[in-house]
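Student: Structure: target-v1.txt, compact mmCIF, C-alpha atoms.
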# COMPACT_ATOMS: atom_id res chain seq x y z
CA MET A 1 9.09 -39.90 -25.40
CA SER A 2 10.45 -36.37 -25.22
CA GLU A 3 8.48 -35.29 -28.25
CA ASN A 4 5.96 -33.32 -26.26
CA LYS A 5 8.51 -31.49 -24.19
CA VAL A 6 7.94 -27.77 -23.63
CA PHE A 7 10.27 -25.28 -22.00
CA MET A 8 10.68 -21.64 -21.11
CA ILE A 9 14.03 -20.00 -20.41
CA PHE A 10 14.25 -16.71 -18.55
CA GLN A 11 17.11 -14.46 -17.61
CA ASP A 12 17.87 -14.94 -13.95
CA THR A 13 16.98 -11.38 -12.92
CA ALA A 14 14.70 -9.70 -10.42
CA ASP A 15 12.27 -8.78 -13.23
CA ALA A 16 11.87 -12.41 -14.27
CA ARG A 17 11.38 -13.62 -10.75
CA PRO A 18 7.60 -13.33 -10.41
CA PHE A 19 7.22 -15.20 -13.72
CA VAL A 20 9.64 -17.97 -12.79
CA ASP A 21 8.03 -18.29 -9.37
CA ALA A 22 4.58 -18.42 -10.96
CA PHE A 23 5.65 -21.21 -13.33
CA GLU A 24 7.09 -23.08 -10.39
CA GLN A 25 3.96 -22.59 -8.30
CA GLU A 26 1.39 -23.32 -10.99
CA ASN A 27 3.17 -26.26 -12.60
CA PRO A 28 4.18 -28.67 -9.85
CA GLU A 29 5.34 -31.14 -12.50
CA ALA A 30 7.82 -28.74 -14.06
CA SER A 31 11.51 -28.91 -13.31
CA LEU A 32 13.58 -25.79 -12.75
CA ASP A 33 17.20 -25.61 -13.67
CA TYR A 34 19.20 -22.60 -12.53
CA GLN A 35 22.01 -22.15 -15.03
CA PRO A 36 24.54 -19.30 -15.06
CA GLY A 37 22.51 -16.17 -15.75
CA MET A 38 19.34 -17.97 -16.69
CA VAL A 39 16.61 -20.25 -15.47
CA ARG A 40 15.26 -23.11 -17.52
CA ILE A 41 11.78 -24.47 -16.86
CA ASP A 42 10.99 -27.87 -18.44
CA ALA A 43 7.77 -29.85 -18.51
CA MET A 44 5.89 -32.40 -20.57
CA GLY A 45 2.90 -31.27 -22.58
CA GLU A 46 2.06 -27.96 -20.96
CA LEU A 47 3.33 -24.99 -18.99
CA SER A 48 1.05 -22.16 -17.94
CA ILE A 49 0.83 -19.14 -15.69
CA SER A 50 -2.05 -16.84 -14.82
CA GLN A 51 -1.98 -13.08 -14.50
CA ALA A 52 -3.48 -13.19 -11.01
CA VAL A 53 -0.69 -15.34 -9.60
CA VAL A 54 2.08 -13.33 -11.25
CA SER A 55 0.54 -10.09 -9.95
CA GLU A 56 0.28 -11.54 -6.48
CA LEU A 57 3.94 -12.58 -6.54
CA ALA A 58 5.12 -9.29 -7.97
CA GLY A 59 3.00 -7.20 -5.61
CA ARG A 60 1.52 -5.10 -8.42
CA ASP A 61 -0.68 -5.44 -11.49
CA VAL A 62 1.47 -7.18 -14.04
CA ASP A 63 0.83 -7.21 -17.77
CA LEU A 64 1.73 -10.74 -18.86
CA GLN A 65 3.41 -9.33 -21.95
CA GLU A 66 6.15 -8.10 -19.64
CA LEU A 67 7.48 -11.63 -19.62
CA HIS A 68 8.97 -11.03 -23.06
CA LEU A 69 11.37 -8.50 -21.55
CA THR A 70 13.24 -11.25 -19.73
CA LEU A 71 12.40 -14.25 -21.89
CA VAL A 72 15.40 -15.93 -23.51
CA SER A 73 13.72 -18.76 -25.36
CA LEU A 74 10.70 -21.01 -25.41
CA SER A 75 9.50 -24.13 -27.10
CA GLY A 76 5.87 -25.11 -27.62
CA ASN A 77 2.71 -23.66 -29.09
CA VAL A 78 1.78 -20.37 -27.46
CA ASP A 79 -1.75 -19.76 -26.29
CA GLU A 80 -2.15 -16.42 -24.54
CA ASP A 81 -4.70 -13.93 -23.33
CA ASP A 82 -4.75 -11.04 -20.87
CA GLU A 83 -5.45 -13.53 -18.11
CA TYR A 84 -3.05 -16.36 -18.87
CA PHE A 85 -0.02 -17.48 -20.83
CA LYS A 86 0.32 -21.08 -21.86
CA ILE A 87 2.60 -23.18 -24.02
CA THR A 88 1.57 -26.66 -25.10
CA ARG A 89 2.76 -29.49 -27.29
CA GLN A 90 0.79 -32.64 -27.89
CA MET B 1 37.81 -26.45 -38.46
CA SER B 2 35.71 -25.76 -35.51
CA ILE B 3 36.87 -24.42 -32.22
CA SER B 4 35.06 -25.67 -29.24
CA ILE B 5 35.27 -23.41 -26.23
CA SER B 6 34.81 -25.38 -23.09
CA THR B 7 32.62 -23.78 -20.50
CA LYS B 8 32.96 -24.18 -16.83
CA GLU B 9 30.22 -23.40 -14.43
CA LEU B 10 31.15 -21.81 -11.14
CA LYS B 11 28.55 -22.44 -8.48
CA PRO B 12 28.48 -19.79 -5.77
CA LEU B 13 29.03 -21.42 -2.39
CA ARG B 14 26.27 -19.40 -0.81
CA THR B 15 23.25 -17.84 -2.45
CA ASN B 16 22.02 -15.92 0.57
CA TYR B 17 23.07 -14.05 3.67
CA ALA B 18 22.97 -16.32 6.70
CA HIS B 19 19.96 -14.63 8.30
CA LEU B 20 17.96 -15.01 5.08
CA GLU B 21 19.15 -18.57 4.61
CA ARG B 22 17.74 -19.41 8.03
CA ARG B 23 14.36 -18.11 6.94
CA PHE B 24 14.11 -19.03 3.29
CA GLY B 25 16.76 -21.69 2.73
CA ASN B 26 19.45 -21.45 0.07
CA LYS B 27 17.65 -23.02 -2.87
CA LYS B 28 17.40 -19.71 -4.67
CA PRO B 29 18.64 -16.19 -4.03
CA ALA B 30 16.43 -14.04 -1.80
CA SER B 31 14.47 -11.26 -3.46
CA ARG B 32 15.52 -7.65 -3.00
CA TYR B 33 12.54 -7.07 -0.76
CA GLN B 34 13.55 -9.93 1.51
CA GLU B 35 17.13 -8.67 1.65
CA ALA B 36 16.03 -5.13 2.40
CA VAL B 37 13.55 -5.97 5.13
CA TYR B 38 13.86 -9.27 6.95
CA ASP B 39 15.61 -9.37 10.31
CA LEU B 40 17.10 -5.90 10.01
CA GLN B 41 15.51 -4.89 13.30
CA PRO B 42 18.20 -4.63 16.01
CA THR B 43 17.39 -7.14 18.73
CA THR B 44 20.37 -7.40 21.08
CA ASN B 45 23.19 -5.50 22.79
CA PHE B 46 21.21 -2.48 23.93
CA HIS B 47 23.72 -1.15 26.44
CA TYR B 48 21.96 2.09 27.19
CA PRO B 49 18.32 2.25 28.16
CA PRO B 50 16.53 5.22 26.63
CA SER B 51 16.60 8.11 29.13
CA TRP B 52 13.03 9.01 28.20
CA GLU B 53 11.71 5.52 28.91
CA PRO B 54 14.10 3.83 31.35
CA ASN B 55 11.92 0.78 31.86
CA LYS B 56 12.12 -0.19 28.18
CA LYS B 57 14.90 -1.15 25.85
CA LEU B 58 15.86 1.03 22.90
CA PHE B 59 13.86 -1.24 20.61
CA ASP B 60 11.26 -3.06 22.59
CA VAL B 61 8.43 -5.37 21.61
CA THR B 62 6.43 -4.27 24.63
CA ARG B 63 5.68 -0.82 23.21
CA THR B 64 2.48 -2.38 21.93
CA ALA B 65 0.05 -4.76 23.57
CA ILE B 66 0.02 -6.80 20.37
CA VAL B 67 2.19 -9.88 20.73
CA MET B 68 3.77 -11.58 17.75
CA GLU B 69 6.04 -14.56 18.00
CA ASP B 70 7.71 -13.47 14.79
CA TRP B 71 7.35 -9.80 13.88
CA TYR B 72 8.15 -10.61 10.28
CA ARG B 73 5.09 -12.73 9.78
CA PHE B 74 3.63 -9.73 8.00
CA ALA B 75 5.14 -8.99 4.62
CA ASP B 76 4.12 -6.04 2.48
CA PRO B 77 2.14 -7.49 -0.46
CA ARG B 78 3.46 -4.63 -2.60
CA GLN B 79 7.01 -5.64 -1.65
CA TYR B 80 8.18 -2.05 -1.28
CA TYR B 81 11.77 -1.51 -0.37
CA TYR B 82 13.51 1.74 -1.18
CA THR B 83 14.07 1.25 -4.92
CA ALA B 84 10.69 -0.32 -5.65
CA TYR B 85 8.90 2.34 -3.61
CA VAL B 86 10.74 5.28 -5.10
CA SER B 87 10.32 4.13 -8.69
CA ALA B 88 6.61 3.43 -8.21
CA ARG B 89 6.05 6.88 -6.71
CA ALA B 90 8.22 8.62 -9.30
CA LYS B 91 6.01 7.17 -12.00
CA GLN B 92 2.87 8.37 -10.27
CA GLN B 93 4.35 11.79 -9.68
CA GLU B 94 5.23 12.12 -13.33
CA SER B 95 1.67 11.41 -14.36
CA MET B 96 0.29 13.81 -11.73
CA GLU B 97 2.63 16.55 -12.93
CA LYS B 98 1.39 16.02 -16.48
CA THR B 99 -2.19 16.32 -15.29
CA PHE B 100 -1.54 19.56 -13.40
CA GLU B 101 0.36 20.95 -16.35
CA MET B 102 -2.49 20.17 -18.71
CA VAL B 103 -5.16 21.58 -16.39
CA GLU B 104 -3.17 24.78 -16.06
CA LYS B 105 -2.24 25.11 -19.72
CA ARG B 106 -5.68 24.43 -21.14
CA GLY B 107 -7.48 26.38 -18.41
CA LEU B 108 -9.66 23.41 -17.56
CA LEU B 109 -10.72 24.96 -14.26
CA GLN B 110 -12.42 27.86 -16.05
CA SER B 111 -15.22 25.57 -17.17
CA VAL B 112 -15.97 24.56 -13.56
CA PRO B 113 -18.68 26.69 -11.89
CA ILE B 114 -17.18 29.06 -9.29
CA PRO B 115 -19.38 27.88 -6.35
CA LEU B 116 -18.32 24.29 -7.07
CA GLN B 117 -14.65 25.32 -7.07
CA HIS B 118 -15.28 27.00 -3.75
CA THR B 119 -16.86 23.86 -2.23
CA VAL B 120 -13.95 21.71 -3.38
CA LYS B 121 -11.41 24.15 -2.01
CA GLN B 122 -13.27 24.40 1.28
CA LEU B 123 -13.18 20.62 1.68
CA LEU B 124 -9.91 19.49 0.20
CA THR B 125 -7.59 22.19 1.51
CA PRO B 126 -7.96 21.55 5.27
CA LEU B 127 -7.32 17.89 4.47
CA ARG B 128 -3.69 18.78 3.92
CA HIS B 129 -3.44 19.22 7.68
CA VAL B 130 -5.00 15.77 8.09
CA GLU B 131 -2.36 14.40 5.73
CA TYR B 132 0.39 16.02 7.72
CA GLY B 133 -1.04 14.60 10.94
CA ALA B 134 -1.13 11.18 9.29
CA ASN B 135 2.52 11.63 8.37
CA MET B 136 3.38 12.35 12.02
CA ASN B 137 1.48 9.27 13.13
CA ASN B 138 3.24 7.05 10.62
CA GLN B 139 6.70 8.40 11.45
CA ASP B 140 5.84 7.75 15.09
CA ILE B 141 5.03 4.12 14.22
CA CYS B 142 8.34 3.92 12.38
CA ASP B 143 10.10 5.33 15.43
CA ARG B 144 8.58 3.17 18.14
CA GLY B 145 7.36 0.17 16.14
CA TYR B 146 8.96 -3.22 15.83
CA GLY B 147 9.90 -5.32 12.84
CA THR B 148 11.34 -3.75 9.71
CA SER B 149 8.53 -4.97 7.46
CA ILE B 150 6.19 -2.75 9.49
CA THR B 151 8.43 0.19 10.34
CA SER B 152 9.82 0.69 6.84
CA LEU B 153 6.32 0.56 5.44
CA ALA B 154 5.16 3.15 8.01
CA SER B 155 7.96 5.45 6.99
CA PHE B 156 7.10 5.16 3.28
CA ASN B 157 3.47 5.65 4.15
CA GLY B 158 4.31 8.83 6.05
CA PHE B 159 6.17 10.26 3.07
CA ASP B 160 3.22 9.44 0.85
CA ARG B 161 1.09 11.61 3.09
CA VAL B 162 3.44 14.58 2.74
CA GLY B 163 3.22 14.14 -1.02
CA MET B 164 -0.55 14.10 -0.95
CA ALA B 165 -0.60 17.18 1.31
CA GLN B 166 1.46 18.94 -1.34
CA TYR B 167 -0.93 17.99 -4.11
CA LEU B 168 -3.88 19.22 -2.03
CA SER B 169 -2.07 22.52 -1.54
CA ARG B 170 -1.46 22.74 -5.25
CA ILE B 171 -5.13 22.22 -6.00
CA ALA B 172 -5.89 25.17 -3.70
CA LEU B 173 -3.22 27.27 -5.41
CA LEU B 174 -4.61 26.31 -8.80
CA ILE B 175 -8.10 27.46 -7.83
CA ASP B 176 -6.78 30.67 -6.23
CA GLU B 177 -4.42 31.37 -9.12
CA ASN B 178 -1.35 31.13 -6.89
CA GLU B 179 -2.65 33.36 -4.13
CA ASP B 180 -2.34 31.88 -0.66
CA THR B 181 -5.84 32.91 0.51
CA GLY B 182 -7.22 29.35 0.31
CA LEU B 183 -4.28 27.93 2.25
CA VAL B 184 -4.54 30.56 4.98
CA GLN B 185 -8.29 30.05 5.22
CA ALA B 186 -7.88 26.27 5.39
CA ARG B 187 -5.51 26.57 8.32
CA GLU B 188 -8.00 28.86 10.03
CA ASP B 189 -10.78 26.31 9.34
CA TRP B 190 -8.69 23.41 10.64
CA LEU B 191 -7.94 25.33 13.85
CA ASN B 192 -11.26 27.05 14.53
CA ASN B 193 -14.12 26.06 12.23
CA PRO B 194 -16.54 23.78 14.17
CA THR B 195 -16.82 21.43 11.15
CA TRP B 196 -13.21 20.32 11.50
CA GLN B 197 -12.80 20.36 15.29
CA PRO B 198 -14.02 16.83 16.09
CA LEU B 199 -11.59 15.35 13.53
CA ARG B 200 -8.74 17.54 14.74
CA HIS B 201 -9.52 16.49 18.30
CA ALA B 202 -9.49 12.79 17.33
CA MET B 203 -6.29 13.27 15.32
CA GLU B 204 -4.54 14.92 18.26
CA ASP B 205 -5.72 12.16 20.57
CA ILE B 206 -4.16 9.64 18.18
CA PHE B 207 -0.87 11.60 18.31
CA VAL B 208 -0.51 10.86 22.02
CA LEU B 209 -1.52 7.19 22.07
CA ASP B 210 1.08 5.08 23.85
CA ASP B 211 0.52 1.92 21.83
CA TRP B 212 1.98 2.29 18.35
CA PHE B 213 -0.16 -0.51 16.95
CA GLU B 214 -3.27 1.34 18.09
CA ILE B 215 -2.03 4.35 16.13
CA MET B 216 -1.66 2.04 13.14
CA VAL B 217 -5.26 0.86 13.48
CA ALA B 218 -6.75 4.27 14.26
CA GLN B 219 -4.88 6.14 11.53
CA ASN B 220 -4.11 3.79 8.68
CA VAL B 221 -7.00 1.40 8.95
CA VAL B 222 -9.95 3.32 10.36
CA MET B 223 -9.44 7.02 9.66
CA ASP B 224 -8.11 6.50 6.14
CA GLY B 225 -10.69 3.76 5.60
CA LEU B 226 -13.45 6.27 6.25
CA LEU B 227 -12.03 9.51 4.84
CA PHE B 228 -10.59 8.30 1.57
CA PRO B 229 -13.70 6.56 0.20
CA LEU B 230 -15.90 9.37 1.49
CA ILE B 231 -13.91 12.22 -0.02
CA TYR B 232 -12.15 10.78 -3.04
CA GLU B 233 -14.91 8.46 -4.16
CA HIS B 234 -18.27 9.80 -3.05
CA PHE B 235 -17.56 13.52 -2.82
CA ILE B 236 -15.39 13.76 -5.90
CA ASN B 237 -17.92 11.69 -7.87
CA THR B 238 -20.65 14.16 -6.88
CA VAL B 239 -18.44 17.08 -7.83
CA SER B 240 -17.68 15.39 -11.10
CA ALA B 241 -21.36 14.94 -11.89
CA GLN B 242 -21.85 18.66 -11.39
CA GLY B 243 -19.20 19.57 -13.93
CA GLY B 244 -16.03 19.21 -11.87
CA GLY B 245 -14.57 16.20 -13.63
CA VAL B 246 -11.23 17.92 -13.60
CA PHE B 247 -10.99 17.33 -9.85
CA MET B 248 -11.21 13.62 -10.46
CA MET B 249 -8.03 13.93 -12.50
CA LEU B 250 -6.34 16.11 -9.90
CA THR B 251 -7.04 13.63 -7.08
CA GLN B 252 -6.22 10.51 -9.05
CA LEU B 253 -3.13 9.86 -6.93
CA MET B 254 -5.22 9.68 -3.76
CA THR B 255 -7.61 7.15 -5.32
CA GLU B 256 -4.73 4.99 -6.56
CA TRP B 257 -2.89 5.32 -3.29
CA TYR B 258 -5.88 4.25 -1.26
CA ALA B 259 -6.50 1.16 -3.40
CA GLU B 260 -2.88 0.22 -2.77
CA THR B 261 -3.13 0.89 0.96
CA VAL B 262 -6.16 -1.38 1.32
CA ARG B 263 -4.03 -4.30 0.20
CA TRP B 264 -1.40 -4.02 2.90
CA THR B 265 -3.75 -2.96 5.71
CA ASN B 266 -5.87 -6.03 4.97
CA GLN B 267 -2.81 -8.23 5.08
CA LEU B 268 -1.52 -6.67 8.31
CA MET B 269 -4.88 -7.04 10.07
CA LYS B 270 -5.26 -10.60 8.85
CA VAL B 271 -1.82 -11.76 9.94
CA THR B 272 -1.99 -10.01 13.31
CA ALA B 273 -5.48 -11.23 14.17
CA ALA B 274 -4.64 -14.79 13.12
CA GLU B 275 -1.65 -14.87 15.49
CA SER B 276 -3.66 -15.17 18.69
CA GLN B 277 -7.03 -14.72 20.30
CA SER B 278 -5.80 -11.84 22.44
CA ASN B 279 -4.44 -9.99 19.40
CA ALA B 280 -7.77 -10.42 17.63
CA GLN B 281 -9.62 -9.11 20.66
CA LEU B 282 -7.38 -6.05 20.91
CA LEU B 283 -7.84 -5.31 17.22
CA ASN B 284 -11.60 -5.76 17.52
CA HIS B 285 -11.65 -3.35 20.42
CA TRP B 286 -9.54 -0.73 18.67
CA VAL B 287 -11.47 -0.96 15.43
CA GLU B 288 -14.75 -0.70 17.30
CA HIS B 289 -13.63 2.25 19.40
CA TRP B 290 -12.03 4.24 16.60
CA SER B 291 -14.62 3.53 13.94
CA GLU B 292 -17.27 4.79 16.37
CA ARG B 293 -15.32 7.88 17.34
CA LEU B 294 -14.05 8.75 13.88
CA THR B 295 -17.40 8.27 12.19
CA GLN B 296 -18.84 10.87 14.55
CA ALA B 297 -15.81 13.10 13.96
CA ILE B 298 -16.10 12.88 10.19
CA LEU B 299 -19.87 13.40 10.08
CA PRO B 300 -19.72 17.24 10.00
CA ILE B 301 -17.22 17.02 7.13
CA ALA B 302 -19.50 14.58 5.32
CA GLN B 303 -22.38 17.02 5.79
CA LEU B 304 -20.32 19.82 4.30
CA ALA B 305 -19.39 17.56 1.39
CA LEU B 306 -22.62 15.73 0.64
CA ASP B 307 -25.36 17.65 2.44
CA GLN B 308 -28.48 15.43 2.63
CA GLN B 309 -26.57 12.35 1.53
CA ALA B 310 -24.01 12.65 4.31
CA GLU B 311 -25.42 10.19 6.81
CA PRO B 312 -26.39 7.36 4.47
CA THR B 313 -23.10 7.69 2.61
CA LEU B 314 -20.99 7.72 5.76
CA ASN B 315 -22.87 4.69 7.07
CA GLU B 316 -22.29 2.93 3.78
CA VAL B 317 -18.57 3.73 3.91
CA LYS B 318 -18.34 2.56 7.52
CA HIS B 319 -20.12 -0.68 6.78
CA ALA B 320 -17.90 -1.31 3.79
CA LEU B 321 -14.85 -0.80 6.00
CA LEU B 322 -16.14 -3.11 8.74
CA ALA B 323 -17.16 -5.72 6.18
CA ARG B 324 -13.66 -5.60 4.68
CA LEU B 325 -12.13 -6.04 8.13
CA THR B 326 -14.48 -8.89 9.00
CA LYS B 327 -13.00 -10.77 6.07
CA GLN B 328 -9.59 -10.37 7.73
CA GLY B 329 -10.85 -11.87 10.97
CA ILE B 330 -11.77 -8.67 12.82
CA CYS B 331 -15.33 -8.69 14.11
CA ALA B 332 -16.00 -5.29 15.59
CA SER B 333 -19.66 -4.76 16.34
CA GLY B 334 -19.90 -1.29 14.85
CA ASP B 335 -23.47 -1.58 13.74
CA SER B 336 -24.81 1.51 15.44
CA HIS B 337 -25.65 4.24 12.95
CA VAL B 338 -24.17 7.69 13.08
CA ARG B 339 -26.23 10.18 15.00
CA LYS B 340 -26.56 13.88 14.50
Here is the file; what I need is its structure written in the form of structure tokens.
Tutor:
Amino acid sequence: MSENKVFMIFQDTADARPFVDAFEQENPEASLDYQPGMVRIDAMGELSISQAVVSELAGRDVDLQELHLTLVSLSGNVDEDDEYFKITRQ
Amino acid sequence: MSISISTKELKPLRTNYAHLERRFGNKKPASRYQEAVYDLQPTTNFHYPPSWEPNKKLFDVTRTAIVMEDWYRFADPRQYYYTAYVSARAKQQESMEKTFEMVEKRGLLQSVPIPLQHTVKQLLTPLRHVEYGANMNNQDICDRGYGTSITSLASFNGFDRVGMAQYLSRIALLIDENEDTGLVQAREDWLNNPTWQPLRHAMEDIFVLDDWFEIMVAQNVVMDGLLFPLIYEHFINTVSAQGGGVFMMLTQLMTEWYAETVRWTNQLMKVTAAESQSNAQLLNHWVEHWSERLTQAILPIAQLALDQQAEPTLNEVKHALLARLTKQGICASGDSHVRK
């Protein structure tokens, strides 16, 4: 049942905010769990964000690689490009 | 043997200040931008009416004919509050300083033909007075405007203009090898040369407008929307094609700054026009009036910059501006072409 679970965990900081908000906005199915100092985003099968949405939320041009600066952990197979970042598990 | 340390989670009772909680709820903490901007505008307990304007309150929504039910409906898409603004500008300044240093050190200006240097100096240097005027207009908006998301942005915007005036001065000093001749001449041109008088006249008329939102439209939307593309795109591109590529580097800040400005002016126009029919009509009227007036005022400058290409280019720039504003819900009928 939970075999295809994917998650991302970010530090709960201002830098991570546009990424967390983008995951929340672009993955309506995902659940967000605010834990002390970090935010955990869980979903089944897939989680993805696009550069356009993150940039919009941050109010500047964001390089998606910046997410690694506040990333704590993730689980899933990473598929990434300049335009999007996606983790999947079938 | 293993030691298990039990953890206990302490949930904060409140995640937000009450005024932010009313707006955004308490599901997650407000962003720094929200904390630094929303509902900071004083709204009550004005015991003393301003002696210079006894029929108004100290902070008064009626200083503009624009009516907004909530003055915070507009939010800066760049989300600039002090820290974000200062660190963004510090980064840009650092890269500009590097550029100036390199141009100076490697003598890059020496490869630019002298007449071309002269043309650039003649055009860019008086613009520092335009920048300073734009600063005054923006500080005026900050002073008399309403809603912190608008007034704080106007104040930042004003400081940007002082910064750009300084870079324009430095370009003149670079060309003149640190003599002040270009600066003195530019002031003389701004005050007396017929090329610059229509723009100076328009600028001074904007200084004394009563409605701060009209200043916003005239200065930040229309005047900048015409001058910046004309000078920093079209003119600098022409200069660059003639061997003055170095000036493209030296004015990079202005190009970047304008691209950034377009984003918030679009948003402000869109939100304000969408609020009500009467707002949209006022904006239409202001855009129409000022785009007409300022296009005529900028024409002599365009002729100095682009010669034969002046009129078609200025028309193109004007149409691009009006087209951009149409997308935000402003339909000014500014289709008449510039006349000589």
Student: Pull out every residue of chain A sitting within 9 Å of chain B, counting only C-alpha atoms, and send them as a JSON list (two decimals) with C-alpha atoms, keeping the file's coordinate frame.
Tutor:
[["chain", "number", "residue", "atom", "x", "y", "z"],
["A", 14, "ALA", "CA", 14.70, -9.70, -10.42],
["A", 17, "ARG", "CA", 11.38, -13.62, -10.75],
["A", 34, "TYR", "CA", 19.20, -22.60, -12.53],
["A", 35, "GLN", "CA", 22.01, -22.15, -15.03],
["A", 36, "PRO", "CA", 24.54, -19.30, -15.06],
["A", 56, "GLU", "CA", 0.28, -11.54, -6.48],
["A", 57, "LEU", "CA", 3.94, -12.58, -6.54],
["A", 58, "ALA", "CA", 5.12, -9.29, -7.97],
["A", 59, "GLY", "CA", 3.00, -7.20, -5.61],
["A", 60, "ARG", "CA", 1.52, -5.10, -8.42]]
Student: Considering all atoms listed in the file, return as a PyMOL selection string whatever protein or nucleic-acid residues lie within 7 Å of Ser31 of chain A, sequence-local ones (same chain, fewer than 4 positions apart) excluded.
Tutor: chain A and resi 41-43
Student: What does the file look like for those residues with C-alpha atoms, as a PDB file, in the coordinates of the input?
Tutor:
ATOM      1  CA  ILE A  41      11.780 -24.470 -16.860  1.00  0.00           C
ATOM      2  CA  ASP A  42      10.990 -27.870 -18.440  1.00  0.00           C
ATOM      3  CA  ALA A  43       7.770 -29.850 -18.510  1.00  0.00           C
TER       4      ALA A  43
END
Student: Taking 5 positions as the minimum chain separation for residues in the same chain, which residues sit within 12 Å of Thr265 of chain B when counting only C-alpha atoms? Answer as a count of residues only.
Tutor: 29
Student: Between A:Thr88, A:Gln25, A:Gln11, A:Ser48, which has the minimum distance to Val72 of chain A (counting only C-alpha atoms)?
Tutor: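 Between A:Thr88, A:Gln25, A:Gln11, A:Ser48, the residue approaching Val72 of chain A most closely is A:Gln11.
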Student: Could you jot down the atom CA of Glu256 of chain B to atom CA of Leu191 of chain B separation for me, Å, one decimal place?
Tutor: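 For atom CA of Glu256 of chain B relative to atom CA of Leu191 of chain B, the distance reads 29.0 Å.
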Student: Would you pick out the contacts of segment 74-82 of chain A at 8 Å or less, using only C-alpha atoms, so that residues sharing its chain but fewer than 3 positions from it are not included, and give the list as a list in words?
Tutor: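 Selected residues are Lys5, Val6, Phe7, Met8, Ile9, Gln51, Asp63, Leu64, Leu71, Phe85, Lys86, Ile87, Thr88 and Arg89 of chain A.
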Student: Create the file for the chosen residues now, containing C-alpha atoms and written as a compact mmCIF listing (two decimals), in the coordinates of the input.
Tutor:
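Printed below is again-v4.txt as written:
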# COMPACT_ATOMS: atom_id res chain seq x y z
CA LYS A 5 8.51 -31.49 -24.19
CA VAL A 6 7.94 -27.77 -23.63
CA PHE A 7 10.27 -25.28 -22.00
CA MET A 8 10.68 -21.64 -21.11
CA ILE A 9 14.03 -20.00 -20.41
CA GLN A 51 -1.98 -13.08 -14.50
CA ASP A 63 0.83 -7.21 -17.77
CA LEU A 64 1.73 -10.74 -18.86
CA LEU A 71 12.40 -14.25 -21.89
CA PHE A 85 -0.02 -17.48 -20.83
CA LYS A 86 0.32 -21.08 -21.86
CA ILE A 87 2.60 -23.18 -24.02
CA THR A 88 1.57 -26.66 -25.10
CA ARG A 89 2.76 -29.49 -27.29
Student: Please supply segment 67-79 of chain B, rebuilt with N, CA and C atoms, as a PDB file, keeping the file's coordinate frame.
Tutor:
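Produced file rebuild-v5.pdb, reproduced below:
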ATOM      1  N   VAL B  67       1.048  -8.973  20.572  1.00  0.00           N
ATOM      2  CA  VAL B  67       2.190  -9.880  20.730  1.00  0.00           C
ATOM      3  C   VAL B  67       2.324 -10.730  19.470  1.00  0.00           C
ATOM      4  N   MET B  68       3.514 -10.730  18.902  1.00  0.00           N
ATOM      5  CA  MET B  68       3.770 -11.580  17.750  1.00  0.00           C
ATOM      6  C   MET B  68       4.989 -12.434  18.083  1.00  0.00           C
ATOM      7  N   GLU B  69       4.888 -13.708  17.761  1.00  0.00           N
ATOM      8  CA  GLU B  69       6.040 -14.560  18.000  1.00  0.00           C
ATOM      9  C   GLU B  69       7.148 -14.165  17.027  1.00  0.00           C
ATOM     10  N   ASP B  70       6.759 -13.908  15.800  1.00  0.00           N
ATOM     11  CA  ASP B  70       7.710 -13.470  14.790  1.00  0.00           C
ATOM     12  C   ASP B  70       7.152 -12.191  14.175  1.00  0.00           C
ATOM     13  N   TRP B  71       7.865 -11.082  14.376  1.00  0.00           N
ATOM     14  CA  TRP B  71       7.350  -9.800  13.880  1.00  0.00           C
ATOM     15  C   TRP B  71       7.452  -9.671  12.361  1.00  0.00           C
ATOM     16  N   TYR B  72       8.070 -10.659  11.747  1.00  0.00           N
ATOM     17  CA  TYR B  72       8.150 -10.610  10.280  1.00  0.00           C
ATOM     18  C   TYR B  72       7.111 -11.499   9.621  1.00  0.00           C
ATOM     19  N   ARG B  73       6.134 -11.905  10.393  1.00  0.00           N
ATOM     20  CA  ARG B  73       5.090 -12.730   9.780  1.00  0.00           C
ATOM     21  C   ARG B  73       4.322 -11.909   8.741  1.00  0.00           C
ATOM     22  N   PHE B  74       4.248 -10.607   9.000  1.00  0.00           N
ATOM     23  CA  PHE B  74       3.630  -9.730   8.000  1.00  0.00           C
ATOM     24  C   PHE B  74       4.666  -9.342   6.958  1.00  0.00           C
ATOM     25  N   ALA B  75       4.293  -9.499   5.685  1.00  0.00           N
ATOM     26  CA  ALA B  75       5.140  -8.990   4.620  1.00  0.00           C
ATOM     27  C   ALA B  75       4.282  -8.106   3.727  1.00  0.00           C
ATOM     28  N   ASP B  76       4.835  -6.977   3.330  1.00  0.00           N
ATOM     29  CA  ASP B  76       4.120  -6.040   2.480  1.00  0.00           C
ATOM     30  C   ASP B  76       3.775  -6.716   1.142  1.00  0.00           C
ATOM     31  N   PRO B  77       2.467  -6.840   0.818  1.00  0.00           N
ATOM     32  CA  PRO B  77       2.140  -7.490  -0.460  1.00  0.00           C
ATOM     33  C   PRO B  77       2.659  -6.702  -1.667  1.00  0.00           C
ATOM     34  N   ARG B  78       2.932  -5.416  -1.475  1.00  0.00           N
ATOM     35  CA  ARG B  78       3.460  -4.630  -2.600  1.00  0.00           C
ATOM     36  C   ARG B  78       4.967  -4.807  -2.723  1.00  0.00           C
ATOM     37  N   GLN B  79       5.562  -5.423  -1.696  1.00  0.00           N
ATOM     38  CA  GLN B  79       7.010  -5.640  -1.650  1.00  0.00           C
ATOM     39  C   GLN B  79       7.813  -4.362  -1.870  1.00  0.00           C
TER      40      GLN B  79
END
